[in-house]
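Trainee: Structure below; questions to follow.
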Amino acid sequence: MAKRVSTRKIKKHRLYGYDEAGAALGVTAHTVRLWRSSGLSVMTASTPHYILGAELIRYIDEKQAKKSVKMALDQMYCFKCRAPQKPLWGMVDYVPVNDTRGRLTGLCEACEGGLQRFVGKGDLVKFGQIYEITIKGMS
Ligand SMILES: [Zn+2]
C-alpha cells in the first residue's frame with residue numbers, strides 16, 4: 001500500500017514537471033498524474049504541464065492528514081500549521097457537501113489560516129455544543 005510521501009525535497013516556489021515532482025517525492029511520474037483526479041492542481045494552460053511546489057506540499061499534507069491525524073473533537077485541521085488546531089473564537093461555518101455530509105471551516109487560533117474538518121450532518125448537534133456553527137446554504 002501507499003507509503004508515506006515526504007515533501008522535504010519540494011521547494012514551495014519552484015515549478016515541477018511530472019517527472020521532477022515524482023523524483024523529488026520518490027513516486028513515479030504516473031502517480032503524480034493520477035493525483036490530478038484527486039485534487040492536485042496542475043497548470044495545464046501550456047505544455048509541458050507544471051505543478052507549483054506549494055501545491056504539491058498542500059496536496060500531500062491534505063492527503064496524509066486525512067489518513068493519519070487523530071483530532072480531538074474540538075480541533076480541526078490547519079493547512080498552514082499542518083496540525084490540528086482550535087478555531088478562533090470557537091466560530092465555524094458548516095458548508096454542506098451533500099445531504100448527509102459537509103465541511104466545518106474556520107480560522108486557526110494559532111495562525112488565522114484556514115481550518116477544515118469533514119463531518120456528517122448528524123454530528124452537527126455534537127459539534128454545536130463546542131462551536132458556534134453558522135450553517136451555510138447548499139451550493
Ligand atoms: Zn494554523
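Residues in the C-alpha cells are numbered from 1 in each chain, the chains being A, B, ... in the order shown, and ligands are numbered from 1 in the order shown.
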With a distance cut-off of 9 Å and only C-alpha atoms, select the neighbouring residues of A:Cys111, excluding the residue or stretch itself and same-chain residues fewer than 3 positions from it, and output the selection as number ranges by chain.
Mentor: A: 78, 80-81, 107-108, 114
Trainee: Quick one: which chain A residues come within 12 Å of ligand 1, and what is the nearest atom pair for each with the distance in Å to one decimal, counting only C-alpha atoms and all ligand atoms, rows ordered by chain and ascending number, as JSON lines?
Mentor:
{"residue": "A:Gln75", "atom": "CA", "partner": "ligand 1", "partner_atom_place_in_ligand_line": "1 (Zn)", "distance": 11.1}
{"residue": "A:Met76", "atom": "CA", "partner": "ligand 1", "partner_atom_place_in_ligand_line": "1 (Zn)", "distance": 9.6}
{"residue": "A:Tyr77", "atom": "CA", "partner": "ligand 1", "partner_atom_place_in_ligand_line": "1 (Zn)", "distance": 8.1}
{"residue": "A:Cys78", "atom": "CA", "partner": "ligand 1", "partner_atom_place_in_ligand_line": "1 (Zn)", "distance": 4.7}
{"residue": "A:Phe79", "atom": "CA", "partner": "ligand 1", "partner_atom_place_in_ligand_line": "1 (Zn)", "distance": 6.6}
{"residue": "A:Lys80", "atom": "CA", "partner": "ligand 1", "partner_atom_place_in_ligand_line": "1 (Zn)", "distance": 5.0}
{"residue": "A:Cys81", "atom": "CA", "partner": "ligand 1", "partner_atom_place_in_ligand_line": "1 (Zn)", "distance": 4.1}
{"residue": "A:Arg82", "atom": "CA", "partner": "ligand 1", "partner_atom_place_in_ligand_line": "1 (Zn)", "distance": 7.1}
{"residue": "A:Ala83", "atom": "CA", "partner": "ligand 1", "partner_atom_place_in_ligand_line": "1 (Zn)", "distance": 7.3}
{"residue": "A:Pro84", "atom": "CA", "partner": "ligand 1", "partner_atom_place_in_ligand_line": "1 (Zn)", "distance": 8.0}
{"residue": "A:Gln85", "atom": "CA", "partner": "ligand 1", "partner_atom_place_in_ligand_line": "1 (Zn)", "distance": 6.4}
{"residue": "A:Lys86", "atom": "CA", "partner": "ligand 1", "partner_atom_place_in_ligand_line": "1 (Zn)", "distance": 8.6}
{"residue": "A:Pro87", "atom": "CA", "partner": "ligand 1", "partner_atom_place_in_ligand_line": "1 (Zn)", "distance": 9.0}
{"residue": "A:Leu88", "atom": "CA", "partner": "ligand 1", "partner_atom_place_in_ligand_line": "1 (Zn)", "distance": 9.9}
{"residue": "A:Gly106", "atom": "CA", "partner": "ligand 1", "partner_atom_place_in_ligand_line": "1 (Zn)", "distance": 10.4}
{"residue": "A:Leu107", "atom": "CA", "partner": "ligand 1", "partner_atom_place_in_ligand_line": "1 (Zn)", "distance": 7.8}
{"residue": "A:Cys108", "atom": "CA", "partner": "ligand 1", "partner_atom_place_in_ligand_line": "1 (Zn)", "distance": 4.6}
{"residue": "A:Glu109", "atom": "CA", "partner": "ligand 1", "partner_atom_place_in_ligand_line": "1 (Zn)", "distance": 6.6}
{"residue": "A:Ala110", "atom": "CA", "partner": "ligand 1", "partner_atom_place_in_ligand_line": "1 (Zn)", "distance": 5.0}
{"residue": "A:Cys111", "atom": "CA", "partner": "ligand 1", "partner_atom_place_in_ligand_line": "1 (Zn)", "distance": 4.2}
{"residue": "A:Glu112", "atom": "CA", "partner": "ligand 1", "partner_atom_place_in_ligand_line": "1 (Zn)", "distance": 5.9}
{"residue": "A:Gly113", "atom": "CA", "partner": "ligand 1", "partner_atom_place_in_ligand_line": "1 (Zn)", "distance": 5.1}
{"residue": "A:Gly114", "atom": "CA", "partner": "ligand 1", "partner_atom_place_in_ligand_line": "1 (Zn)", "distance": 7.1}
{"residue": "A:Leu115", "atom": "CA", "partner": "ligand 1", "partner_atom_place_in_ligand_line": "1 (Zn)", "distance": 7.3}
{"residue": "A:Gln116", "atom": "CA", "partner": "ligand 1", "partner_atom_place_in_ligand_line": "1 (Zn)", "distance": 10.6}
Trainee: Write the residues of the preceding selection, restricted to C-alpha atoms, as a PDB file, in the first residue's frame.
Mentor:
ATOM      1  CA  GLN A  75      -9.946  20.514  16.756  1.00  0.00           C
ATOM      2  CA  MET A  76      -9.857  21.000  13.037  1.00  0.00           C
ATOM      3  CA  TYR A  77      -7.001  20.605  10.584  1.00  0.00           C
ATOM      4  CA  CYS A  78      -4.927  23.709   9.797  1.00  0.00           C
ATOM      5  CA  PHE A  79      -3.219  23.594   6.420  1.00  0.00           C
ATOM      6  CA  LYS A  80      -0.780  26.324   7.429  1.00  0.00           C
ATOM      7  CA  CYS A  81       0.256  24.819  10.775  1.00  0.00           C
ATOM      8  CA  ARG A  82      -0.129  21.343   9.247  1.00  0.00           C
ATOM      9  CA  ALA A  83      -1.612  20.228  12.522  1.00  0.00           C
ATOM     10  CA  PRO A  84      -4.918  20.039  14.330  1.00  0.00           C
ATOM     11  CA  GLN A  85      -5.821  23.383  15.853  1.00  0.00           C
ATOM     12  CA  LYS A  86      -8.766  25.013  17.529  1.00  0.00           C
ATOM     13  CA  PRO A  87     -10.876  27.533  15.632  1.00  0.00           C
ATOM     14  CA  LEU A  88     -10.618  31.188  16.563  1.00  0.00           C
ATOM     15  CA  GLY A 106     -12.963  28.256  10.498  1.00  0.00           C
ATOM     16  CA  LEU A 107      -9.892  30.301  11.254  1.00  0.00           C
ATOM     17  CA  CYS A 108      -6.908  28.845  13.068  1.00  0.00           C
ATOM     18  CA  GLU A 109      -6.462  30.094  16.618  1.00  0.00           C
ATOM     19  CA  ALA A 110      -2.676  29.938  16.192  1.00  0.00           C
ATOM     20  CA  CYS A 111      -2.085  31.404  12.726  1.00  0.00           C
ATOM     21  CA  GLU A 112      -5.514  32.554  11.465  1.00  0.00           C
ATOM     22  CA  GLY A 113      -5.088  30.303   8.463  1.00  0.00           C
ATOM     23  CA  GLY A 114      -7.933  28.194   7.126  1.00  0.00           C
ATOM     24  CA  LEU A 115      -9.159  25.262   9.189  1.00  0.00           C
ATOM     25  CA  GLN A 116     -11.237  22.442   7.863  1.00  0.00           C
TER      26      GLN A 116
END
Trainee: Using only C-alpha atoms, which of the listed residues (A:Val97, A:Met43, A:Ile133, A:Val92) sits closest to A:Leu56?
Mentor: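 Going through A:Val97, A:Met43, A:Ile133, A:Val92 one by one, the smallest distance to A:Leu56 is for A:Met43.
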Trainee: Do a neighbour search on A:Arg8 at 9 Å with only C-alpha atoms, toss out local chain neighbours closer than 5 positions, and write the hits as a PyMOL selection string.
Mentor: chain A and resi 24-25+57
Trainee: Measuring between only C-alpha atoms, which one of A:Lys136, A:Arg101, A:Arg4, A:Arg36 shows the shortest distance to A:Glu55?
Mentor: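 Ranking A:Lys136, A:Arg101, A:Arg4, A:Arg36 by distance to A:Glu55, first place goes to A:Arg36.
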Trainee: Within 10 Å of A:Arg58, counting only C-alpha atoms, which residues show up once you throw out same-chain ones fewer than 2 positions away? Write them as a short mmCIF file (atom, residue, chain, number, x, y, z; two decimals) with C-alpha atoms, in the first residue's frame, please.
Mentor:
data_model
loop_
_atom_site.label_atom_id
_atom_site.label_comp_id
_atom_site.auth_asym_id
_atom_site.auth_seq_id
_atom_site.Cartn_x
_atom_site.Cartn_y
_atom_site.Cartn_z
CA THR A 7 7.71 16.75 0.88
CA LYS A 12 7.49 25.96 -2.45
CA LEU A 40 -3.88 18.21 -7.24
CA SER A 41 -3.93 21.46 -9.22
CA LEU A 52 3.77 24.63 -8.12
CA GLY A 53 5.83 23.23 -5.25
CA ALA A 54 3.48 24.79 -2.69
CA GLU A 55 0.54 22.99 -4.30
CA LEU A 56 2.36 19.65 -4.14
CA ILE A 60 0.26 15.70 0.08
CA ASP A 61 -0.31 17.23 3.50
CA GLU A 62 -4.04 17.13 2.97
CA LYS A 63 -3.94 13.56 1.71
CA GLN A 64 -1.86 12.39 4.65
CA PHE A 79 -3.22 23.59 6.42
CA LYS A 80 -0.78 26.32 7.43
CA ARG A 82 -0.13 21.34 9.25
#
